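Below is one structure, written out as structure tokens, with a few remarks after it.
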Amino acid sequence: MRTTPGRKGGTFFVAHSDLIDLTGPWGRILSGTPLNHETHTRAGQSMAVDPVTHELFVVQVRGALTDGNLCVYRIDRKTGRPIDNMHLTGFGHGNQIGAQHIDGTTHLWTDAGPMSGDYGTRVARVPYRPGQTFTMSSPEVSAPFRPTPDATQTSPNVDPVYNRLTIRYINSAEEVFFSQYPIDPVTGDVTWTATRTIKLRMGSGEFFADFDTPTPQGFASLGEYLYVYTGSPSADNAHITAVSWADGSFAAGPQHITAVPGLDRREPEGMCIEPMGDEARLLFGFSGSLTTPREATICFLSTDAPVEGVKLLTDWTALTGVSGATPQTGVMSPRGRLVSLAGTTYLQLRGGFDCDITAEGPFAQLPPTLTPSRTVRAEVTRNNQGGRCVCRVEANARGELSVFGPTADNRISWIGLDNFSAAWR
């Protein structure tokens, strides 16, 4: 096992290759989270995860793109809803952000003004302070950095495992560069001398030659590989490509990303790395709705390798009851998980609920991590009344867990979920 310092006061571990299997099973972090602060109508642009607390942050443009005003949301991962937010005024586009944990506080990197078109020309770091508004002159904002005097469309991202800040930028010749800068694992300070830089050409039959117009939508770095996310707002052409930091060559992909089928809108939006003990996740997002409020959906791929064809995507996660359904306790506490078996992902449930149900409808709620893209169902046990001891339970794309079979003269007083196992996507 390889170990590398990953944060102040601790160590992150990555047991397997930094090259993530882009064709592997995917899991979910958020499912249609509405970005509904005030009247912001723009799509969520990118996300970042605090590598210590695992708090999730999503950034959205406020108002005109050329103003550089952003809203940063902190998201409750259990409910998929915003907890609070802060505003950044005159910063940039938020095309890609990054997170560090310094002295007990999340600090976020984003592009920074002055603006050139829709993007900032520099990068800067700011602490997350809910309810506050920062401008480029606020003392809490770090000294902005510009990788070259002619750099535009700057975007930052943090590799929390190997302590590196990556900056994407375009020069006056419209060449696309990615440069990396080391982060001190103790102080969190960045050394502003690039340790490596690669150039990626995005047209004329060169980089991403398979695409008509490969719009860059995010990136993330883990160790020796850079992951680049591209795709158009109105087409199902989201792709992830793994690029070698050694020479800029393709290590994997471009891989067409088909996660979350059925979204109204499949514009790719943002990436980040989340350390998970001795593994890591590559998060990637979609702007999944055409209406206001705009909705954010976030998925992940993992470095975790299958063992004899089995890969655990989500550990056992608690379910909550609705409509008077009471979760049972102890070993019967209701929980769910996602597991990939020989290439198929299954939603598995266990435990049960006590209830008094006389009509069909929802009785429990799945967390965003378990919510399927389409309705899945299974037959489960229930109290025996009149010879009926089985009922049907369905999980839909809103995360509602519904029961079918109860009537006024055949009440369901408890539901057991241990039999529930259904193919999930």
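By convention here, the chains of the structure tokens are called A, B, ... in the order presented, each chain's residues are numbered starting at 1, and ligands are numbered starting at 1 in the order presented.
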Contacts of region 405-419 of chain A within 9 Å, only C-alpha atoms, excl. fewer than 6 positions in-chain, as an mmCIF file with N, CA, C and O atoms, in the first residue's frame:
data_model
loop_
_atom_site.group_PDB
_atom_site.id
_atom_site.type_symbol
_atom_site.label_atom_id
_atom_site.label_comp_id
_atom_site.auth_asym_id
_atom_site.auth_seq_id
_atom_site.Cartn_x
_atom_site.Cartn_y
_atom_site.Cartn_z
ATOM 1 N N ALA A 325 -44.988 5.802 9.512
ATOM 2 C CA ALA A 325 -44.168 4.588 9.572
ATOM 3 C C ALA A 325 -42.996 4.823 10.521
ATOM 4 O O ALA A 325 -42.266 5.807 10.395
ATOM 5 N N MET A 332 -32.957 -4.647 13.333
ATOM 6 C CA MET A 332 -34.023 -4.422 12.361
ATOM 7 C C MET A 332 -34.110 -2.961 11.923
ATOM 8 O O MET A 332 -35.064 -2.572 11.247
ATOM 9 N N PRO A 334 -33.973 0.024 9.656
ATOM 10 C CA PRO A 334 -34.030 -0.004 8.178
ATOM 11 C C PRO A 334 -32.844 0.707 7.555
ATOM 12 O O PRO A 334 -32.546 1.857 7.880
ATOM 13 N N ARG A 335 -32.192 0.022 6.630
ATOM 14 C CA ARG A 335 -31.002 0.538 5.955
ATOM 15 C C ARG A 335 -30.987 0.072 4.503
ATOM 16 O O ARG A 335 -31.679 -0.879 4.146
ATOM 17 N N GLN A 348 -30.039 -2.914 -2.284
ATOM 18 C CA GLN A 348 -30.395 -3.903 -1.282
ATOM 19 C C GLN A 348 -30.883 -3.180 -0.029
ATOM 20 O O GLN A 348 -30.264 -2.215 0.417
ATOM 21 N N LEU A 349 -32.000 -3.665 0.527
ATOM 22 C CA LEU A 349 -32.563 -3.089 1.741
ATOM 23 C C LEU A 349 -32.628 -4.148 2.830
ATOM 24 O O LEU A 349 -32.684 -5.345 2.546
ATOM 25 N N ARG A 350 -32.651 -3.671 4.076
ATOM 26 C CA ARG A 350 -32.765 -4.579 5.217
ATOM 27 C C ARG A 350 -33.516 -3.866 6.341
ATOM 28 O O ARG A 350 -33.740 -2.656 6.310
ATOM 29 N N GLY A 351 -33.913 -4.628 7.369
ATOM 30 C CA GLY A 351 -34.634 -4.040 8.495
ATOM 31 C C GLY A 351 -36.108 -3.885 8.172
ATOM 32 O O GLY A 351 -36.654 -4.562 7.289
ATOM 33 N N GLY A 352 -36.780 -2.978 8.902
ATOM 34 C CA GLY A 352 -38.204 -2.830 8.648
ATOM 35 C C GLY A 352 -38.829 -1.650 9.354
ATOM 36 O O GLY A 352 -38.161 -0.895 10.077
ATOM 37 N N PHE A 353 -40.145 -1.479 9.132
ATOM 38 C CA PHE A 353 -40.920 -0.389 9.717
ATOM 39 C C PHE A 353 -42.170 -0.945 10.384
ATOM 40 O O PHE A 353 -42.807 -1.879 9.883
ATOM 41 N N ASP A 354 -42.540 -0.360 11.512
ATOM 42 C CA ASP A 354 -43.842 -0.581 12.109
ATOM 43 C C ASP A 354 -44.784 0.497 11.585
ATOM 44 O O ASP A 354 -44.378 1.660 11.408
ATOM 45 N N CYS A 355 -46.038 0.135 11.336
ATOM 46 C CA CYS A 355 -46.922 1.094 10.685
ATOM 47 C C CYS A 355 -48.374 0.662 10.879
ATOM 48 O O CYS A 355 -48.669 -0.391 11.452
ATOM 49 N N ASP A 356 -49.274 1.485 10.392
ATOM 50 C CA ASP A 356 -50.695 1.143 10.321
ATOM 51 C C ASP A 356 -51.196 1.715 9.002
ATOM 52 O O ASP A 356 -51.713 2.825 8.934
ATOM 53 N N ILE A 357 -51.008 0.937 7.943
ATOM 54 C CA ILE A 357 -51.243 1.416 6.584
ATOM 55 C C ILE A 357 -52.467 0.722 5.999
ATOM 56 O O ILE A 357 -52.557 -0.512 5.994
ATOM 57 N N THR A 358 -53.412 1.524 5.498
ATOM 58 C CA THR A 358 -54.640 0.972 4.924
ATOM 59 C C THR A 358 -54.807 1.326 3.453
ATOM 60 O O THR A 358 -55.819 0.982 2.843
ATOM 61 N N ALA A 359 -53.811 2.039 2.874
ATOM 62 C CA ALA A 359 -53.898 2.418 1.454
ATOM 63 C C ALA A 359 -52.494 2.445 0.864
ATOM 64 O O ALA A 359 -51.484 2.638 1.564
ATOM 65 N N GLU A 360 -52.432 2.249 -0.434
ATOM 66 C CA GLU A 360 -51.138 2.239 -1.112
ATOM 67 C C GLU A 360 -50.523 3.640 -1.116
ATOM 68 O O GLU A 360 -51.234 4.641 -1.225
ATOM 69 N N ALA A 378 -39.631 -4.849 -5.541
ATOM 70 C CA ALA A 378 -39.409 -6.210 -5.056
ATOM 71 C C ALA A 378 -40.554 -6.598 -4.139
ATOM 72 O O ALA A 378 -41.262 -5.725 -3.602
ATOM 73 N N GLU A 379 -40.760 -7.900 -3.973
ATOM 74 C CA GLU A 379 -41.746 -8.416 -3.036
ATOM 75 C C GLU A 379 -41.073 -8.601 -1.672
ATOM 76 O O GLU A 379 -39.977 -9.162 -1.581
ATOM 77 N N VAL A 380 -41.743 -8.127 -0.599
ATOM 78 C CA VAL A 380 -41.174 -8.209 0.746
ATOM 79 C C VAL A 380 -42.224 -8.775 1.701
ATOM 80 O O VAL A 380 -43.408 -8.871 1.379
ATOM 81 N N THR A 381 -41.779 -9.109 2.915
ATOM 82 C CA THR A 381 -42.686 -9.663 3.917
ATOM 83 C C THR A 381 -43.457 -8.561 4.640
ATOM 84 O O THR A 381 -43.022 -7.411 4.700
ATOM 85 N N ARG A 382 -44.614 -8.952 5.188
ATOM 86 C CA ARG A 382 -45.470 -8.065 5.981
ATOM 87 C C ARG A 382 -46.196 -8.924 7.011
ATOM 88 O O ARG A 382 -46.070 -10.163 7.018
ATOM 89 N N ASN A 383 -46.971 -8.290 7.883
ATOM 90 C CA ASN A 383 -47.785 -9.065 8.824
ATOM 91 C C ASN A 383 -48.791 -9.943 8.077
ATOM 92 O O ASN A 383 -49.301 -9.568 7.017
ATOM 93 N N ASN A 384 -49.031 -11.117 8.624
ATOM 94 C CA ASN A 384 -49.964 -12.060 7.993
ATOM 95 C C ASN A 384 -51.391 -11.724 8.432
ATOM 96 O O ASN A 384 -51.739 -11.810 9.606
ATOM 97 N N GLN A 385 -52.205 -11.321 7.480
ATOM 98 C CA GLN A 385 -53.618 -11.069 7.759
ATOM 99 C C GLN A 385 -54.451 -11.648 6.622
ATOM 100 O O GLN A 385 -54.256 -11.295 5.456
ATOM 101 N N GLY A 386 -55.329 -12.542 6.962
ATOM 102 C CA GLY A 386 -56.176 -13.178 5.963
ATOM 103 C C GLY A 386 -55.378 -13.981 4.957
ATOM 104 O O GLY A 386 -55.785 -14.106 3.796
ATOM 105 N N ARG A 388 -52.535 -13.137 3.736
ATOM 106 C CA ARG A 388 -51.632 -12.276 2.975
ATOM 107 C C ARG A 388 -50.420 -11.918 3.834
ATOM 108 O O ARG A 388 -50.559 -11.295 4.886
ATOM 109 N N VAL A 390 -47.246 -11.062 2.072
ATOM 110 C CA VAL A 390 -46.274 -10.463 1.154
ATOM 111 C C VAL A 390 -46.904 -9.224 0.534
ATOM 112 O O VAL A 390 -48.107 -9.194 0.261
ATOM 113 N N CYS A 391 -46.099 -8.195 0.332
ATOM 114 C CA CYS A 391 -46.557 -6.991 -0.364
ATOM 115 C C CYS A 391 -45.460 -6.516 -1.313
ATOM 116 O O CYS A 391 -44.308 -6.960 -1.219
ATOM 117 N N ARG A 392 -45.829 -5.646 -2.229
ATOM 118 C CA ARG A 392 -44.846 -5.093 -3.161
ATOM 119 C C ARG A 392 -44.374 -3.732 -2.668
ATOM 120 O O ARG A 392 -45.181 -2.905 -2.239
ATOM 121 N N VAL A 393 -43.052 -3.522 -2.736
ATOM 122 C CA VAL A 393 -42.453 -2.237 -2.380
ATOM 123 C C VAL A 393 -41.710 -1.704 -3.590
ATOM 124 O O VAL A 393 -40.961 -2.440 -4.241
#
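The environment of region 314-318 of chain A within 9 Å, counting only C-alpha atoms and disregarding residues fewer than 3 places along the same chain, consists of A:Gly27, A:Arg28, A:Ser333, A:Pro334, A:Arg335, A:Gly336, A:Arg337, A:Leu338, A:Val339, A:Leu349, A:Arg350, A:Leu366, A:Pro367, A:Thr369, A:Leu370.
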Separation of CA of Phe91 (chain A) from CA of Val228 (chain A) in Å: 22.8 Å
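Put simply, CA of Pro362 (chain A) is 24.5 Å away from CA of Pro293 (chain A).
Straight-line separation from CA of Leu22 (chain A) to CA of Tyr229 (chain A): 11.6 Å.
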Residue neighbourhood region 122-139 of chain A, 6 Å, only C-alpha atoms, exclusion window fewer than 3 positions, as a PyMOL selection string: chain A and resi 84-89+106-112+142+144-146+154
Deliver the residues from the most recent selection as a file, using C-alpha atoms, as a PDB file, in the first residue's frame.
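Below you can see selection-v9.pdb, which holds the result:
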ATOM      1  CA  ASP A  84     -26.688  27.411   3.990  1.00  0.00           C
ATOM      2  CA  ASN A  85     -24.725  29.504   1.492  1.00  0.00           C
ATOM      3  CA  MET A  86     -22.353  32.415   0.982  1.00  0.00           C
ATOM      4  CA  HIS A  87     -21.851  34.913  -1.860  1.00  0.00           C
ATOM      5  CA  LEU A  88     -18.699  35.778  -3.819  1.00  0.00           C
ATOM      6  CA  THR A  89     -18.949  39.060  -5.723  1.00  0.00           C
ATOM      7  CA  THR A 106     -13.090  24.698   4.867  1.00  0.00           C
ATOM      8  CA  HIS A 107     -11.304  26.977   2.388  1.00  0.00           C
ATOM      9  CA  LEU A 108     -12.496  27.063  -1.206  1.00  0.00           C
ATOM     10  CA  TRP A 109     -10.510  27.859  -4.346  1.00  0.00           C
ATOM     11  CA  THR A 110     -12.233  29.477  -7.326  1.00  0.00           C
ATOM     12  CA  ASP A 111     -11.386  31.664 -10.292  1.00  0.00           C
ATOM     13  CA  ALA A 112     -10.994  35.326  -9.348  1.00  0.00           C
ATOM     14  CA  SER A 142      -5.975  35.128  -0.390  1.00  0.00           C
ATOM     15  CA  PRO A 144      -4.892  36.205  -6.208  1.00  0.00           C
ATOM     16  CA  PHE A 145      -2.520  34.280  -8.484  1.00  0.00           C
ATOM     17  CA  ARG A 146      -2.294  34.316 -12.272  1.00  0.00           C
ATOM     18  CA  THR A 154      -8.497  30.122 -15.034  1.00  0.00           C
TER      19      THR A 154
END
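Take the candidates A:Tyr119, A:Phe363, A:Phe57, A:Phe286 and check each one against Pro233 (chain A) using only C-alpha atoms; the shortest distance goes to A:Phe286.
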